[in-house]
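Raw contents of entry05.cif, mmCIF, C-alpha atoms:
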```
data_my_file
loop_
_atom_site.group_PDB
_atom_site.id
_atom_site.type_symbol
_atom_site.label_atom_id
_atom_site.label_comp_id
_atom_site.auth_asym_id
_atom_site.auth_seq_id
_atom_site.Cartn_x
_atom_site.Cartn_y
_atom_site.Cartn_z
ATOM 1 C CA MET A 118 114.999 100.432 90.410
ATOM 2 C CA ALA A 119 113.639 97.006 89.539
ATOM 3 C CA PRO A 120 109.867 96.744 89.893
ATOM 4 C CA GLN A 121 108.201 94.631 92.566
ATOM 5 C CA LEU A 122 105.738 92.159 91.040
ATOM 6 C CA MET A 123 102.651 90.648 92.654
ATOM 7 C CA TRP A 124 100.425 87.804 91.467
ATOM 8 C CA ILE A 125 96.766 87.327 92.417
ATOM 9 C CA GLY A 126 95.114 84.016 91.472
ATOM 10 C CA LEU A 127 96.818 80.617 91.495
ATOM 11 C CA GLY A 128 94.472 78.373 89.544
ATOM 12 C CA ASN A 129 95.741 75.945 86.924
ATOM 13 C CA MET A 130 96.796 78.859 84.671
ATOM 14 C CA GLY A 131 98.261 81.164 87.291
ATOM 15 C CA ARG A 132 100.531 78.529 88.806
ATOM 16 C CA GLY A 133 102.327 77.815 85.539
ATOM 17 C CA MET A 134 102.584 81.485 84.655
ATOM 18 C CA CYS A 135 104.159 82.266 88.037
ATOM 19 C CA LYS A 136 106.642 79.414 87.667
ATOM 20 C CA ASN A 137 107.935 80.849 84.408
ATOM 21 C CA LEU A 138 107.905 84.391 85.734
ATOM 22 C CA VAL A 139 110.140 83.312 88.605
ATOM 23 C CA GLU A 140 112.387 81.063 86.530
ATOM 24 C CA LYS A 141 112.807 83.254 83.430
ATOM 25 C CA GLY A 142 111.661 86.766 84.358
ATOM 26 C CA ASN A 143 115.005 87.982 85.779
ATOM 27 C CA LEU A 144 113.200 89.272 88.855
ATOM 28 C CA GLU A 145 115.414 91.066 91.337
ATOM 29 C CA LYS A 146 112.785 90.853 94.078
ATOM 30 C CA PRO A 147 110.652 87.932 95.289
ATOM 31 C CA LEU A 148 107.338 87.514 93.464
ATOM 32 C CA ILE A 149 104.508 88.312 95.894
ATOM 33 C CA LEU A 150 101.826 85.587 95.834
ATOM 34 C CA TYR A 151 98.216 85.866 96.923
ATOM 35 C CA ASN A 152 95.448 83.315 96.614
ATOM 36 C CA ARG A 153 92.186 83.082 98.525
ATOM 37 C CA THR A 154 93.316 79.643 99.685
ATOM 38 C CA ARG A 155 96.685 80.366 101.290
ATOM 39 C CA LYS A 156 97.852 76.751 101.011
ATOM 40 C CA ARG A 157 97.908 77.044 97.239
ATOM 41 C CA SER A 158 100.317 79.984 97.548
ATOM 42 C CA GLU A 159 102.447 78.063 100.033
ATOM 43 C CA ASP A 160 102.549 74.957 97.827
ATOM 44 C CA LEU A 161 103.650 76.959 94.815
ATOM 45 C CA ALA A 162 106.280 78.829 96.829
ATOM 46 C CA ALA A 163 107.630 75.514 98.119
ATOM 47 C CA SER A 164 107.995 74.227 94.547
ATOM 48 C CA LEU A 165 110.112 77.216 93.480
ATOM 49 C CA PRO A 166 113.654 78.206 94.527
ATOM 50 C CA ALA A 167 113.955 79.499 98.073
ATOM 51 C CA GLY A 168 113.746 83.253 98.414
ATOM 52 C CA LYS A 169 112.076 83.776 95.026
ATOM 53 C CA THR A 170 108.540 84.258 96.343
ATOM 54 C CA GLU A 171 106.738 85.914 99.248
ATOM 55 C CA VAL A 172 103.310 84.723 100.380
ATOM 56 C CA VAL A 173 100.916 87.353 101.740
ATOM 57 C CA ASP A 174 97.656 86.934 103.641
ATOM 58 C CA THR A 175 95.739 89.785 102.029
ATOM 59 C CA ILE A 176 95.640 91.573 98.714
ATOM 60 C CA GLU A 177 96.115 94.878 100.507
ATOM 61 C CA GLU A 178 99.376 93.692 102.114
ATOM 62 C CA GLY A 179 100.859 92.769 98.762
ATOM 63 C CA VAL A 180 99.611 95.783 96.835
ATOM 64 C CA ARG A 181 101.262 98.206 99.237
ATOM 65 C CA LYS A 182 104.648 96.733 98.231
ATOM 66 C CA ALA A 183 103.976 96.089 94.539
ATOM 67 C CA ASP A 184 104.600 98.115 91.389
ATOM 68 C CA ILE A 185 103.069 95.683 88.877
ATOM 69 C CA ILE A 186 100.099 93.528 89.895
ATOM 70 C CA PHE A 187 98.851 90.576 87.816
ATOM 71 C CA THR A 188 95.382 89.126 88.292
ATOM 72 C CA ILE A 189 93.971 85.953 86.765
ATOM 73 C CA VAL A 190 90.831 84.649 88.441
ATOM 74 C CA SER A 191 87.804 82.611 87.470
ATOM 75 C CA ASN A 192 85.012 85.024 86.568
ATOM 76 C CA ASP A 193 83.717 88.586 86.414
ATOM 77 C CA ALA A 194 82.639 88.699 90.044
ATOM 78 C CA ALA A 195 86.056 87.518 91.218
ATOM 79 C CA VAL A 196 87.768 90.136 89.039
ATOM 80 C CA LYS A 197 85.616 92.908 90.448
ATOM 81 C CA GLU A 198 86.371 91.714 93.980
ATOM 82 C CA ALA A 199 90.127 91.542 93.356
ATOM 83 C CA ILE A 200 90.336 94.903 91.597
ATOM 84 C CA GLY A 201 88.191 96.456 94.311
ATOM 85 C CA ALA A 202 90.564 95.182 96.986
ATOM 86 C CA ILE A 203 93.551 96.512 95.047
ATOM 87 C CA LEU A 204 92.030 99.977 94.738
ATOM 88 C CA GLU A 205 91.095 100.045 98.418
ATOM 89 C CA SER A 206 94.662 99.263 99.463
ATOM 90 C CA GLY A 207 95.722 102.890 99.630
ATOM 91 C CA ASP A 208 97.579 105.028 97.131
ATOM 92 C CA VAL A 209 97.867 103.059 93.873
ATOM 93 C CA LYS A 210 98.956 105.961 91.687
ATOM 94 C CA GLY A 211 101.538 104.825 89.147
ATOM 95 C CA LYS A 212 101.049 101.122 89.794
ATOM 96 C CA LEU A 213 100.326 98.895 86.785
ATOM 97 C CA ILE A 214 97.473 96.398 87.007
ATOM 98 C CA VAL A 215 97.565 93.603 84.412
ATOM 99 C CA GLU A 216 94.254 91.744 84.223
ATOM 100 C CA CYS A 217 94.595 88.342 82.523
ATOM 101 C CA SER A 218 91.194 86.754 83.290
ATOM 102 C CA THR A 219 88.591 85.888 80.657
ATOM 103 C CA ILE A 220 85.619 88.140 81.388
ATOM 104 C CA HIS A 221 82.981 90.158 79.546
ATOM 105 C CA PRO A 222 84.358 93.178 77.644
ATOM 106 C CA ASP A 223 81.905 95.413 79.515
ATOM 107 C CA THR A 224 83.384 94.249 82.820
ATOM 108 C CA THR A 225 86.874 94.975 81.533
ATOM 109 C CA LYS A 226 85.827 98.449 80.449
ATOM 110 C CA GLN A 227 84.353 99.177 83.870
ATOM 111 C CA VAL A 228 87.316 97.950 85.914
ATOM 112 C CA ALA A 229 89.716 99.795 83.591
ATOM 113 C CA GLU A 230 87.828 103.023 84.242
ATOM 114 C CA ASP A 231 87.907 102.364 87.985
ATOM 115 C CA VAL A 232 91.660 101.738 87.931
ATOM 116 C CA LEU A 233 92.464 104.783 85.817
ATOM 117 C CA ALA A 234 90.306 106.992 88.046
ATOM 118 C CA LYS A 235 92.630 106.102 90.940
ATOM 119 C CA GLY A 236 95.720 107.160 89.007
ATOM 120 C CA ALA A 237 96.958 103.621 88.305
ATOM 121 C CA GLU A 238 97.663 102.105 84.885
ATOM 122 C CA PHE A 239 95.660 99.243 83.394
ATOM 123 C CA VAL A 240 96.336 96.612 80.747
ATOM 124 C CA ALA A 241 93.873 93.875 79.870
ATOM 125 C CA SER A 242 95.881 90.883 78.704
ATOM 126 C CA PRO A 243 93.978 87.607 78.461
ATOM 127 C CA VAL A 244 95.953 84.661 77.153
ATOM 128 C CA PHE A 245 95.408 81.845 74.688
ATOM 129 C CA GLY A 246 96.637 78.417 75.706
ATOM 130 C CA ALA A 247 95.806 75.554 78.043
ATOM 131 C CA PRO A 248 97.394 74.956 81.470
ATOM 132 C CA ALA A 249 100.118 72.884 79.790
ATOM 133 C CA ALA A 250 101.020 75.940 77.694
ATOM 134 C CA ALA A 251 101.121 78.070 80.839
ATOM 135 C CA GLU A 252 103.445 75.510 82.443
ATOM 136 C CA ALA A 253 105.689 75.453 79.353
ATOM 137 C CA GLY A 254 105.737 79.236 78.987
ATOM 138 C CA VAL A 255 104.243 79.232 75.484
ATOM 139 C CA LEU A 256 101.040 81.214 75.976
ATOM 140 C CA VAL A 257 99.877 83.845 73.486
ATOM 141 C CA PHE A 258 99.252 87.163 75.243
ATOM 142 C CA VAL A 259 96.651 89.638 74.005
ATOM 143 C CA PRO A 260 97.479 92.969 75.677
ATOM 144 C CA ALA A 261 95.281 96.041 75.214
ATOM 145 C CA GLY A 262 95.678 99.524 76.611
ATOM 146 C CA PRO A 263 98.134 102.418 76.382
ATOM 147 C CA LYS A 264 101.342 101.353 74.631
ATOM 148 C CA SER A 265 103.411 102.863 77.424
ATOM 149 C CA SER A 266 101.652 100.595 79.917
ATOM 150 C CA ILE A 267 101.924 97.524 77.687
ATOM 151 C CA ASP A 268 105.656 98.215 77.347
ATOM 152 C CA ARG A 269 105.965 97.865 81.130
ATOM 153 C CA LEU A 270 104.388 94.404 80.790
ATOM 154 C CA ARG A 271 106.401 93.170 77.795
ATOM 155 C CA PRO A 272 109.590 92.125 79.655
ATOM 156 C CA TYR A 273 107.512 89.360 81.257
ATOM 157 C CA THR A 274 105.511 88.010 78.306
ATOM 158 C CA THR A 275 107.239 86.786 75.131
ATOM 159 C CA GLY A 276 110.175 84.568 76.061
ATOM 160 C CA VAL A 277 109.107 84.354 79.714
ATOM 161 C CA MET A 278 105.460 83.361 80.173
ATOM 162 C CA GLY A 279 104.573 83.310 76.483
ATOM 163 C CA ARG A 280 105.740 82.693 72.941
ATOM 164 C CA ALA A 281 103.981 85.549 71.178
ATOM 165 C CA GLU A 282 101.481 88.344 71.508
ATOM 166 C CA ILE A 283 98.573 89.773 69.557
ATOM 167 C CA PRO A 284 98.817 93.410 70.602
ATOM 168 C CA PHE A 285 96.169 96.112 70.812
ATOM 169 C CA ASP A 286 98.514 99.022 71.528
ATOM 170 C CA ASP A 287 96.667 102.249 72.362
ATOM 171 C CA LYS A 288 93.316 100.516 71.919
ATOM 172 C CA PRO A 289 90.526 100.232 74.506
ATOM 173 C CA ALA A 290 91.199 97.594 77.144
ATOM 174 C CA GLU A 291 88.073 95.670 76.217
ATOM 175 C CA SER A 292 89.438 95.058 72.683
ATOM 176 C CA SER A 293 91.533 92.128 73.844
ATOM 177 C CA LEU A 294 88.594 90.480 75.619
ATOM 178 C CA LYS A 295 86.549 90.606 72.437
ATOM 179 C CA LEU A 296 89.258 88.660 70.624
ATOM 180 C CA LYS A 297 89.665 86.267 73.549
ATOM 181 C CA LEU A 298 85.961 85.419 73.640
ATOM 182 C CA LEU A 299 85.829 85.102 69.858
ATOM 183 C CA GLY A 300 88.833 82.783 69.986
ATOM 184 C CA ASN A 301 87.282 80.658 72.705
ATOM 185 C CA THR A 302 84.272 80.009 70.470
ATOM 186 C CA PHE A 303 86.724 78.378 68.044
ATOM 187 C CA ILE A 304 87.806 76.055 70.871
ATOM 188 C CA LEU A 305 84.222 75.267 71.876
ATOM 189 C CA ASN A 306 83.181 74.558 68.294
ATOM 190 C CA MET A 307 86.247 72.381 67.707
ATOM 191 C CA VAL A 308 85.545 70.317 70.833
ATOM 192 C CA SER A 309 81.919 69.864 69.774
ATOM 193 C CA VAL A 310 82.981 68.665 66.315
ATOM 194 C CA LEU A 311 85.475 66.230 67.833
ATOM 195 C CA GLY A 312 82.925 64.905 70.316
ATOM 196 C CA GLU A 313 80.328 64.326 67.623
ATOM 197 C CA GLY A 314 82.835 62.816 65.205
ATOM 198 C CA LEU A 315 84.254 60.349 67.715
ATOM 199 C CA ALA A 316 80.785 59.331 68.903
ATOM 200 C CA LEU A 317 79.637 58.849 65.317
ATOM 201 C CA GLY A 318 82.735 56.786 64.599
ATOM 202 C CA GLU A 319 81.768 54.424 67.395
ATOM 203 C CA LYS A 320 78.045 54.309 66.555
ATOM 204 C CA ALA A 321 78.651 53.801 62.817
ATOM 205 C CA GLY A 322 81.151 51.015 63.317
ATOM 206 C CA VAL A 323 84.201 52.926 62.092
ATOM 207 C CA GLY A 324 85.777 52.928 65.554
ATOM 208 C CA VAL A 325 87.304 55.815 67.474
ATOM 209 C CA GLU A 326 90.941 54.997 66.689
ATOM 210 C CA PRO A 327 90.659 55.563 62.915
ATOM 211 C CA VAL A 328 88.851 58.854 63.620
ATOM 212 C CA LYS A 329 91.671 59.827 65.999
ATOM 213 C CA GLN A 330 94.270 58.935 63.349
ATOM 214 C CA PHE A 331 92.427 61.084 60.813
ATOM 215 C CA VAL A 332 92.455 64.026 63.260
ATOM 216 C CA ASP A 333 96.153 63.562 64.028
ATOM 217 C CA LEU A 334 97.201 63.334 60.383
ATOM 218 C CA LEU A 335 95.080 66.157 58.982
ATOM 219 C CA PHE A 336 94.857 68.627 61.882
ATOM 220 C CA GLY A 337 97.220 67.738 64.736
ATOM 221 C CA GLY A 338 98.082 70.289 67.413
ATOM 222 C CA VAL A 339 95.260 71.323 69.690
ATOM 223 C CA TYR A 340 92.816 69.091 67.775
ATOM 224 C CA SER A 341 94.923 66.051 68.604
ATOM 225 C CA ALA A 342 95.336 67.125 72.221
ATOM 226 C CA TYR A 343 91.592 67.374 72.766
ATOM 227 C CA ALA A 344 90.922 64.162 70.855
ATOM 228 C CA GLU A 345 93.417 62.367 73.076
ATOM 229 C CA ARG A 346 91.647 63.652 76.215
ATOM 230 C CA MET A 347 88.465 62.135 74.808
ATOM 231 C CA VAL A 348 89.696 58.798 73.484
ATOM 232 C CA SER A 349 91.855 58.101 76.559
ATOM 233 C CA GLY A 350 88.981 58.824 78.933
ATOM 234 C CA THR A 351 90.874 61.675 80.574
ATOM 235 C CA TYR A 352 87.770 63.839 80.161
ATOM 236 C CA TRP A 353 86.016 61.887 82.919
ATOM 237 C CA LYS A 354 88.998 60.596 84.926
ATOM 238 C CA MET A 355 90.819 63.851 85.736
ATOM 239 C CA ASP A 356 90.748 65.170 89.298
ATOM 240 C CA GLU A 357 90.896 68.819 88.232
ATOM 241 C CA PRO A 358 89.487 70.022 84.905
ATOM 242 C CA LEU A 359 91.803 71.815 82.528
ATOM 243 C CA PHE A 360 88.904 74.021 81.395
ATOM 244 C CA SER A 361 85.843 73.577 83.589
ATOM 245 C CA ALA A 362 82.328 73.354 82.205
ATOM 246 C CA ASP A 363 81.369 76.335 84.360
ATOM 247 C CA ASN A 364 84.128 78.523 82.939
ATOM 248 C CA ALA A 365 83.503 77.332 79.389
ATOM 249 C CA ARG A 366 79.801 78.160 79.766
ATOM 250 C CA LYS A 367 80.700 81.554 81.190
ATOM 251 C CA ASP A 368 82.887 82.282 78.163
ATOM 252 C CA ALA A 369 80.247 81.000 75.731
ATOM 253 C CA GLY A 370 77.618 83.181 77.368
ATOM 254 C CA HIS A 371 79.840 86.247 77.147
ATOM 255 C CA ALA A 372 80.645 85.504 73.501
ATOM 256 C CA MET A 373 76.973 85.114 72.610
ATOM 257 C CA SER A 374 76.152 88.345 74.453
ATOM 258 C CA MET A 375 78.904 90.160 72.564
ATOM 259 C CA ALA A 376 77.622 88.727 69.276
ATOM 260 C CA ARG A 377 74.036 89.786 69.964
ATOM 261 C CA SER A 378 75.250 93.320 70.636
ATOM 262 C CA ALA A 379 76.971 93.233 67.254
ATOM 263 C CA GLY A 380 73.860 91.879 65.508
ATOM 264 C CA LEU A 381 75.127 88.310 65.050
ATOM 265 C CA ASP A 382 73.749 84.955 66.184
ATOM 266 C CA LEU A 383 76.383 82.406 67.266
ATOM 267 C CA ARG A 384 74.446 79.207 66.579
ATOM 268 C CA LEU A 385 77.399 76.860 66.972
ATOM 269 C CA ALA A 386 78.326 78.356 70.335
ATOM 270 C CA SER A 387 74.736 77.906 71.466
ATOM 271 C CA LEU A 388 74.932 74.191 70.607
ATOM 272 C CA GLY A 389 78.238 73.883 72.448
ATOM 273 C CA ASP A 390 76.692 75.548 75.473
ATOM 274 C CA GLU A 391 73.890 72.970 75.444
ATOM 275 C CA TYR A 392 76.472 70.180 75.487
ATOM 276 C CA LEU A 393 78.297 71.892 78.357
ATOM 277 C CA GLN A 394 75.086 71.969 80.347
ATOM 278 C CA VAL A 395 74.911 68.180 80.007
ATOM 279 C CA VAL A 396 78.527 67.957 81.220
ATOM 280 C CA ALA A 397 77.747 70.181 84.195
ATOM 281 C CA ASP A 398 74.644 68.186 85.081
ATOM 282 C CA HIS A 399 76.542 64.896 84.867
ATOM 283 C CA ALA A 400 79.934 65.708 86.385
ATOM 284 C CA GLY A 401 79.409 69.049 88.117
ATOM 285 C CA GLY A 402 80.095 72.433 86.585
ATOM 286 C CA ALA A 403 83.295 73.017 88.544
ATOM 287 C CA LYS A 404 84.617 69.462 88.036
ATOM 288 C CA GLY A 405 83.473 68.606 84.512
ATOM 289 C CA ASP A 406 85.931 69.434 81.733
ATOM 290 C CA ILE A 407 85.095 70.978 78.361
ATOM 291 C CA ALA A 408 86.352 67.760 76.725
ATOM 292 C CA GLY A 409 83.429 66.107 78.483
ATOM 293 C CA ILE A 410 81.374 67.340 75.533
ATOM 294 C CA TYR A 411 82.357 63.957 74.088
ATOM 295 C CA GLY A 412 80.567 62.336 77.008
ATOM 296 C CA ALA A 413 77.576 64.626 76.520
ATOM 297 C CA VAL A 414 77.248 63.611 72.873
ATOM 298 C CA ARG A 415 77.569 59.968 73.856
ATOM 299 C CA LYS A 416 74.931 60.287 76.574
ATOM 300 C CA GLN A 417 72.471 62.023 74.257
ATOM 301 C CA ASN A 418 72.873 59.285 71.680
ATOM 302 C CA GLY A 419 72.428 56.081 73.646
ATOM 303 C CA LEU A 420 75.988 55.562 74.923
ATOM 304 C CA LYS A 421 77.394 55.915 78.426
ATOM 305 C CA PHE A 422 78.876 59.326 79.313
ATOM 306 C CA GLU A 423 82.124 57.593 80.268
ATOM 307 C CA ASN A 424 83.869 55.644 77.536
ATOM 308 C CA ASP A 425 85.335 52.199 78.260
ATOM 309 C CA VAL A 426 89.124 52.507 78.350
#
```

Could you render the structure as structure tokens?
Amino acid sequence: MAPQLMWIGLGNMGRGMCKNLVEKGNLEKPLILYNRTRKRSEDLAASLPAGKTEVVDTIEEGVRKADIIFTIVSNDAAVKEAIGAILESGDVKGKLIVECSTIHPDTTKQVAEDVLAKGAEFVASPVFGAPAAAEAGVLVFVPAGPKSSIDRLRPYTTGVMGRAEIPFDDKPAESSLKLKLLGNTFILNMVSVLGEGLALGEKAGVGVEPVKQFVDLLFGGVYSAYAERMVSGTYWKMDEPLFSADNARKDAGHAMSMARSAGLDLRLASLGDEYLQVVADHAGGAKGDIAGIYGAVRKQNGLKFENDV
């Protein structure tokens, strides 16, 4: 019998992931959607083919019908709340919970233990990629947990919501979160370098366009994408951040905590976190985007936060 899938969390990552799950996942049953703001579930359902989704009012209502439950929410507290609601929904024995949020490894370890104690299965599978990658179905999944549980997830990852995976088969669930946080420090450091380089280009008289051309020709890819968000002014014009300052600071804090536990000092991440604080103070932590680090560098060095474009 085909499994019934449920999705909890329809932020700018979850919406794209659900779209691809519905369009390419060969689901035989409607995807159950839950979001704290019901309208977001209704809007997504309306954008997808009729009959392919079912909107529910509570987590408990959806869990009672579901075999595989995905969660992707904003922070550790929200994960604990969602997992708690799932486990309080009744008998969850045999159900698979796939947790895709970016949270502290210790939180992952705790919720995994809670899930397993109730007889359910648990896979931690954070993803690498921006909302555009979620929309395009080219995320990189990082699943960790029992291989048998990960195998239940795999029909919906590579070729459906993602392009590849970095697996931690039969490894502790928190393993994948350690890699995710480590990887996000690469993003934070890259954005800080771009912000400083573009600001220096302007202050030194080189100009931002030659710096952007240099980035495009030598690095390309995600470097170019972030540089474009900076040079075009998207970092301060966007209505909804692609990666909010609050969430970026949360990830940086978790990464630095993990590093301290391992006996390492992440100095670059600490600098990036300082820039993010400036972004949060200027634009608001929930509204400011990580690319606003460019604005933070500008503001700290005698330029306006917003560039003139």

Got a sec to resolve the PyMOL selection byres ((chain A and resi 360-363) around 6) on this structure and send the residues as a PDB file with C-alpha atoms, in the coordinates of the input?
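Written file, result_31.pdb:
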```pdb
ATOM      1  CA  PRO A 358      89.487  70.022  84.905  1.00  0.00           C
ATOM      2  CA  LEU A 359      91.803  71.815  82.528  1.00  0.00           C
ATOM      3  CA  ASN A 364      84.128  78.523  82.939  1.00  0.00           C
ATOM      4  CA  ALA A 365      83.503  77.332  79.389  1.00  0.00           C
ATOM      5  CA  ARG A 366      79.801  78.160  79.766  1.00  0.00           C
ATOM      6  CA  LEU A 393      78.297  71.892  78.357  1.00  0.00           C
ATOM      7  CA  ALA A 397      77.747  70.181  84.195  1.00  0.00           C
ATOM      8  CA  GLY A 402      80.095  72.433  86.585  1.00  0.00           C
ATOM      9  CA  ALA A 403      83.295  73.017  88.544  1.00  0.00           C
ATOM     10  CA  GLY A 405      83.473  68.606  84.512  1.00  0.00           C
ATOM     11  CA  ASP A 406      85.931  69.434  81.733  1.00  0.00           C
ATOM     12  CA  ILE A 407      85.095  70.978  78.361  1.00  0.00           C
TER      13      ILE A 407
END
```

Subject >> Given all atoms listed in the file as the counted atoms, nearest of A:Ala247, A:Leu381, A:Gly324, A:Glu423 to A:Tyr343 >> reply: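 Using all atoms listed in the file, the shortest distance to A:Tyr343 belongs to A:Ala247.
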
**OP:** Would you kindly translate the PyMOL selection byres ((chain A and resi 204) around 12) into the concrete residues it picks from this file, as JSON, numbers by chain?
**Re:** {"A": [176, 177, 180, 181, 186, 197, 198, 199, 200, 201, 202, 203, 205, 206, 207, 208, 209, 210, 212, 213, 214, 228, 229, 230, 231, 232, 233, 234, 235, 236, 237, 238, 239]}

Evaluated on this file, the PyMOL selection byres ((chain A and resi 164-175) around 7) picks out some residues - which ones are they, written as a CSV table (one decimal) with C-alpha atoms, in the coordinates of the input?
```csv
chain,number,residue,atom,x,y,z
A,139,VAL,CA,110.1,83.3,88.6
A,147,PRO,CA,110.7,87.9,95.3
A,148,LEU,CA,107.3,87.5,93.5
A,149,ILE,CA,104.5,88.3,95.9
A,150,LEU,CA,101.8,85.6,95.8
A,151,TYR,CA,98.2,85.9,96.9
A,158,SER,CA,100.3,80.0,97.5
A,159,GLU,CA,102.4,78.1,100.0
A,160,ASP,CA,102.5,75.0,97.8
A,161,LEU,CA,103.6,77.0,94.8
A,162,ALA,CA,106.3,78.8,96.8
A,163,ALA,CA,107.6,75.5,98.1
A,176,ILE,CA,95.6,91.6,98.7
A,177,GLU,CA,96.1,94.9,100.5
A,178,GLU,CA,99.4,93.7,102.1
A,179,GLY,CA,100.9,92.8,98.8
```

**OP:** Write out as an MDAnalysis selection string the residues lying within 10 Å of A:Val310, counting all atoms listed in the file and excluding same-chain residues fewer than 3 positions away.
**Re:** chainID A and resid 304:307 313:316 340 385 389 410:411

**OP:** Please provide the set of residues having any atom within 10 Å of A:Thr275, restricted to all atoms listed in the file, with same-chain residues fewer than 2 positions apart removed, written as a ChimeraX atom specification.
**Re:** /A:254-258,270-273,277-282
